[in-house]
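Okay, model_27.csv now, which holds CSV, C-alpha atoms and all ligand atoms:
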chain,number,residue,atom,x,y,z
A,413,MET,CA,2.7,-0.1,-24.7
A,414,ALA,CA,3.0,-3.5,-22.9
A,415,PRO,CA,6.2,-4.3,-21.1
A,416,ASP,CA,8.6,-6.7,-22.7
A,417,SER,CA,9.2,-10.2,-21.3
A,418,GLU,CA,12.6,-9.3,-19.9
A,419,THR,CA,11.1,-6.4,-17.9
A,420,LYS,CA,8.5,-8.8,-16.5
A,421,ARG,CA,10.9,-11.5,-15.7
A,422,ARG,CA,12.8,-9.2,-13.3
A,423,LEU,CA,9.7,-8.4,-11.3
A,424,GLY,CA,8.3,-10.4,-8.4
A,425,LEU,CA,10.0,-9.0,-5.3
A,426,VAL,CA,8.4,-7.7,-2.1
A,427,GLN,CA,9.1,-4.2,-0.9
A,428,VAL,CA,8.1,-2.5,2.3
A,429,TYR,CA,7.8,1.3,3.1
A,430,THR,CA,7.4,1.9,6.8
A,431,GLY,CA,8.3,4.3,9.6
A,432,ASN,CA,6.8,7.4,11.3
A,433,GLY,CA,7.9,10.0,8.8
A,434,LYS,CA,5.8,11.3,5.9
A,435,GLY,CA,6.3,9.7,2.5
A,436,LYS,CA,5.2,6.1,2.6
A,437,THR,CA,2.0,6.4,0.5
A,438,THR,CA,3.7,9.1,-1.5
A,439,ALA,CA,6.5,6.7,-2.4
A,440,CYS,CA,4.0,4.1,-3.4
A,441,LEU,CA,2.3,6.6,-5.7
A,442,GLY,CA,5.7,7.6,-7.2
A,443,LEU,CA,6.5,4.0,-8.0
A,444,ALA,CA,3.0,3.5,-9.4
A,445,PHE,CA,3.5,6.5,-11.7
A,446,ARG,CA,6.9,5.2,-12.9
A,447,ALA,CA,5.7,1.7,-13.4
A,448,SER,CA,2.6,2.9,-15.4
A,449,GLY,CA,4.9,4.8,-17.7
A,450,ARG,CA,6.6,1.5,-18.5
A,451,GLY,CA,3.3,-0.1,-19.4
A,452,LEU,CA,3.1,-2.2,-16.2
A,453,ASN,CA,-0.4,-2.9,-15.0
A,454,VAL,CA,-0.6,-1.4,-11.5
A,455,LEU,CA,-3.2,-2.0,-8.8
A,456,MET,CA,-3.1,-0.1,-5.5
A,457,LEU,CA,-5.4,-1.5,-2.8
A,458,GLN,CA,-5.8,0.8,0.2
A,459,PHE,CA,-6.5,-0.8,3.5
A,460,LEU,CA,-8.2,1.4,6.1
A,461,LYS,CA,-8.7,4.3,3.8
A,462,PRO,CA,-12.2,5.5,2.9
A,463,ALA,CA,-13.4,6.1,-0.7
A,464,LYS,CA,-13.6,9.8,-0.6
A,465,GLY,CA,-11.1,12.6,-0.2
A,466,TYR,CA,-7.8,11.6,-1.8
A,467,GLY,CA,-6.2,13.4,-4.7
A,468,GLU,CA,-4.6,10.1,-5.9
A,469,HIS,CA,-8.0,8.6,-6.6
A,470,LEU,CA,-8.7,11.5,-9.1
A,471,ALA,CA,-5.2,11.3,-10.7
A,472,ALA,CA,-5.5,7.5,-11.2
A,473,GLU,CA,-8.6,8.0,-13.3
A,474,LEU,CA,-6.3,9.8,-15.8
A,475,ILE,CA,-3.9,6.8,-16.2
A,476,PRO,CA,-5.4,3.7,-17.9
A,477,ASN,CA,-3.1,1.1,-16.4
A,478,LEU,CA,-3.3,2.4,-12.8
A,479,THR,CA,-6.2,1.4,-10.6
A,480,ILE,CA,-6.6,2.5,-7.0
A,481,ILE,CA,-9.3,0.9,-4.8
A,482,PRO,CA,-9.9,2.2,-1.3
A,483,MET,CA,-11.2,-0.6,0.9
A,484,GLY,CA,-11.6,0.9,4.4
A,485,ALA,CA,-13.6,3.2,6.6
A,486,ASP,CA,-11.1,5.1,8.7
A,487,HIS,CA,-7.3,5.4,8.4
A,488,MET,CA,-6.8,5.6,12.2
A,489,CYS,CA,-9.5,3.1,13.1
A,490,GLY,CA,-7.6,0.7,15.1
A,491,LYS,CA,-5.6,3.2,17.2
A,492,GLU,CA,-7.7,2.9,20.3
A,493,VAL,CA,-10.2,0.2,19.7
A,494,THR,CA,-10.9,-2.4,17.1
A,495,ARG,CA,-14.3,-2.2,15.5
A,496,GLU,CA,-16.3,-5.0,14.0
A,497,GLU,CA,-16.7,-3.0,10.8
A,498,ASP,CA,-12.9,-2.7,10.4
A,499,VAL,CA,-12.4,-6.4,11.0
A,500,ALA,CA,-15.0,-7.2,8.3
A,501,LEU,CA,-13.5,-4.7,5.8
A,502,THR,CA,-10.0,-6.1,6.4
A,503,ARG,CA,-11.2,-9.6,5.8
A,504,GLU,CA,-12.7,-8.6,2.5
A,505,GLY,CA,-9.6,-6.5,1.6
A,506,MET,CA,-7.4,-9.6,2.2
A,507,ARG,CA,-9.7,-11.6,-0.1
A,508,LYS,CA,-9.4,-9.0,-2.8
A,509,ALA,CA,-5.7,-8.7,-2.4
A,510,GLU,CA,-5.2,-12.5,-2.7
A,511,GLU,CA,-7.3,-12.6,-5.8
A,512,ALA,CA,-5.3,-9.8,-7.4
A,513,LEU,CA,-1.9,-11.4,-6.5
A,514,LYS,CA,-2.9,-14.8,-7.7
A,515,SER,CA,-4.5,-13.6,-10.9
A,516,GLY,CA,-1.3,-12.7,-12.7
A,517,GLU,CA,-3.2,-9.7,-14.1
A,518,TYR,CA,-1.0,-7.2,-12.4
A,519,ASP,CA,2.7,-6.5,-12.6
A,520,LEU,CA,2.7,-4.3,-9.5
A,521,VAL,CA,0.3,-4.6,-6.6
A,522,ILE,CA,0.6,-2.0,-3.8
A,523,LEU,CA,-1.1,-2.9,-0.5
A,524,ASP,CA,-1.2,0.6,1.0
A,525,GLU,CA,-1.5,0.8,4.9
A,526,ILE,CA,-1.5,-3.0,5.2
A,527,ASN,CA,1.3,-2.6,7.8
A,528,ASN,CA,-1.1,-0.5,9.9
A,529,SER,CA,-3.7,-3.2,9.6
A,530,MET,CA,-1.2,-5.7,11.0
A,531,ALA,CA,-0.1,-3.3,13.7
A,532,PHE,CA,-3.7,-2.8,14.7
A,533,GLY,CA,-4.2,-6.6,14.9
A,534,LEU,CA,-6.7,-6.7,12.0
A,535,ALA,CA,-4.5,-9.0,9.9
A,536,THR,CA,-1.8,-11.4,11.0
A,537,PRO,CA,1.7,-11.4,9.5
A,538,ALA,CA,1.3,-15.2,8.9
A,539,ASP,CA,-1.8,-14.6,6.8
A,540,VAL,CA,-0.1,-11.8,4.9
A,541,ILE,CA,2.9,-14.0,4.1
A,542,ALA,CA,0.7,-16.9,3.0
A,543,MET,CA,-1.1,-14.4,0.7
A,544,LEU,CA,2.3,-13.1,-0.7
A,545,GLU,CA,3.4,-16.7,-1.3
A,546,SER,CA,0.4,-17.2,-3.6
A,547,ARG,CA,1.4,-14.3,-5.9
A,548,ALA,CA,2.1,-14.9,-9.6
A,549,PRO,CA,5.8,-15.0,-10.2
A,550,HIS,CA,6.0,-11.7,-12.1
A,551,THR,CA,3.9,-9.7,-9.6
A,552,GLU,CA,5.9,-7.2,-7.6
A,553,VAL,CA,4.3,-6.3,-4.3
A,554,VAL,CA,4.7,-3.2,-2.0
A,555,LEU,CA,3.5,-3.2,1.6
A,556,SER,CA,3.2,0.3,3.1
A,557,GLY,CA,2.3,1.7,6.5
A,558,ARG,CA,3.6,2.3,10.0
A,559,GLY,CA,4.7,-0.4,12.4
A,560,VAL,CA,5.6,-3.3,10.0
A,561,PRO,CA,6.0,-6.6,11.9
A,562,LYS,CA,9.4,-8.3,12.1
A,563,GLU,CA,8.2,-11.4,10.2
A,564,ILE,CA,7.4,-9.2,7.2
A,565,VAL,CA,10.8,-7.4,7.4
A,566,ASP,CA,12.4,-10.8,7.4
A,567,TYR,CA,10.3,-12.0,4.4
A,568,ALA,CA,10.7,-8.8,2.2
A,569,ASP,CA,13.5,-8.1,-0.3
A,570,LEU,CA,13.5,-4.3,0.2
A,571,VAL,CA,12.6,-2.4,3.3
A,572,THR,CA,12.8,1.4,3.6
A,573,GLU,CA,12.0,3.2,6.8
A,574,MET,CA,10.8,6.9,6.6
A,575,ARG,CA,12.2,8.5,9.7
A,576,LEU,CA,10.4,11.5,11.2
A,577,VAL,CA,12.7,14.4,11.5
A,578,LYS,CA,10.2,17.2,11.4
A,579,HIS,CA,6.5,17.4,10.4
A,580,PRO,CA,4.4,20.6,10.1
A,581,PHE,CA,1.7,18.8,12.2
A,582,ASP,CA,3.8,19.7,15.2
A,583,LYS,CA,3.4,23.4,14.4
A,584,GLY,CA,-0.4,22.9,14.2
A,585,ILE,CA,-0.5,22.7,10.4
A,586,GLY,CA,-3.0,20.1,9.5
A,587,ALA,CA,-3.3,17.9,6.4
A,588,ARG,CA,-3.3,19.9,3.1
A,589,LYS,CA,-5.2,19.2,-0.1
A,590,GLY,CA,-2.8,18.1,-2.9
A,591,ILE,CA,0.0,17.5,-0.4
A,592,GLU,CA,-1.3,15.0,2.2
A,593,TYR,CA,-4.6,14.0,0.5
B,601,LIG,P1,1.8,10.4,2.8
B,601,LIG,O1,0.5,9.8,2.4
B,601,LIG,O2,1.7,11.9,2.9
B,601,LIG,O3,3.0,9.9,2.0
B,601,LIG,P2,2.4,8.5,4.9
B,601,LIG,O4,1.8,7.5,4.0
B,601,LIG,O5,3.9,8.4,5.1
B,601,LIG,O6,2.1,9.9,4.3
B,601,LIG,P3,0.6,7.8,7.0
B,601,LIG,O7,1.1,7.1,8.2
B,601,LIG,O8,-0.2,7.1,6.0
B,601,LIG,O9,1.8,8.6,6.3
B,601,LIG,O10,-0.2,9.1,7.6
B,601,LIG,C1,-1.4,9.6,7.2
B,601,LIG,C2,-1.4,11.0,7.2
B,601,LIG,O11,-0.7,11.6,8.3
B,601,LIG,C3,-0.7,11.7,6.0
B,601,LIG,O12,-1.5,12.8,5.6
B,601,LIG,C4,0.6,12.1,6.4
B,601,LIG,O13,1.1,13.3,5.7
B,601,LIG,C5,0.3,12.5,7.9
B,601,LIG,N1,1.6,12.2,8.6
B,601,LIG,C6,2.6,11.5,8.3
B,601,LIG,N2,3.6,11.5,9.3
B,601,LIG,C7,3.1,12.3,10.2
B,601,LIG,C8,3.6,12.7,11.5
B,601,LIG,N3,4.8,12.4,11.9
B,601,LIG,N4,2.8,13.5,12.2
B,601,LIG,C9,1.5,13.9,11.8
B,601,LIG,N5,1.0,13.5,10.6
B,601,LIG,C10,1.8,12.7,9.8
B,602,MG,MG,0.1,6.3,4.1

Could you spell out this file's structure in structure tokens?
Amino acid sequence: MAPDSETKRRLGLVQVYTGNGKGKTTACLGLAFRASGRGLNVLMLQFLKPAKGYGEHLAAELIPNLTIIPMGADHMCGKEVTREEDVALTREGMRKAEEALKSGEYDLVILDEINNSMAFGLATPADVIAMLESRAPHTEVVLSGRGVPKEIVDYADLVTEMRLVKHPFDKGIGARKGIEY
């Protein structure tokens, strides 16, 4: 079922999910699920994340109007040192994102972990804003990840910060299948 023109007309905003608490990518996936139920065409491009090992990649295969494309090598890559491979993958990811935003093919484009890419210095806020400016008018965009730069906060229409109160990681409980990945 395709969305009606009034539904599409009200899209086109920029949302940000950031902060140190768990829930940013989960919120993106929840939104993707809701939007897909309304017939919106959803694309999630994952910066930094590798192709294997995420439950959401398997779930997306079950939903025809939801596509998830991992485009990275290592989620935590830029933490200590920036590698040539991550610079190249980010450049290619930015190219793919711009193409998707401009194409008008998608009602919702989620750029998962792109905030981390900016925080790691792999992409500049100016480049990301220029890319956002080129989006089709009805394409809603979500930027997720830790450490969002102020320029992006100023540009966005919606910003939510997930604040860390407690995380089982601090008790030595590592990432769990179906919950974290
Ligand atoms: P999720 O994908 O579970 O919604 P997230 O997108 O908010 O998490 P990321 O910054 O992408 O979090 O973190 C990647 C991984 O680290 C996830 O598996 C997440 O559950 C876990 N994580 C999130 N917050 C913390 C934390 N404060 N301490 C340790 N691990 C965390
Ligand atoms: Mg995440």

List every protein, DNA or RNA residue that has an atom no more than 8 Å from (-8.3, 5.6, -5.2) in the file's coordinate frame, counting only C-alpha atoms, and report them as a list in words.
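Result, sorted by chain then residue number: Met456, Gln458, Ala463, Tyr466, Glu468, His469, Leu470, Ala472, Thr479, Ile480, Ile481 and Pro482 of chain A.
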
Residues within 7 Å of ligand MG 602 (chain B) should be enumerated using all atoms listed in the file and returned as a list in words.
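I would give the residues around ligand MG 602 (chain B) as Lys436, Thr437, Asp524, Glu525, Ser556 and Gly557 of chain A.
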
My list of candidates is A:Leu423, A:Met413, A:Ala587, A:Met530. Which is closest to A:Arg547 when distances are computed with all atoms listed in the file?
A:Leu423

At most 10 Å from ligand LIG 601 (chain B) (only C-alpha atoms and all ligand atoms): residue list as a VMD selection string
chain A and resid 429 to 442 460 to 461 466 468 487 to 488 524 to 525 527 to 528 556 to 559 573 to 582 584 to 593

Could you name the residues that touch A:Ala447 at 12 Å or less, counting all atoms listed in the file, but leaving out those on the same chain fewer than 2 positions away, as a ChimeraX atom specification?
/A:413-415,419-420,423,440-445,449-456,475,477-478,518-522,552

Pairwise distance for atom CA of A:Leu555 and atom CA of A:Ile526, rounded to one decimal in Å
6.2 Å

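Atom pair atom CA of A:Glu473 / atom CA of A:Leu544: separated by 26.9 Å.
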
Go ahead and find all residues with at least one atom no further than 9 Å from (-5.8, -18.4, -5.2) in the file's coordinates, using only C-alpha atoms; report them as an NGL selection string.
:A and (510-515 or 543 or 546-547)

Can you tell me how far atom CA of A:Leu457 sits from atom CA of A:Leu523, in Å to one decimal?
5.1 Å
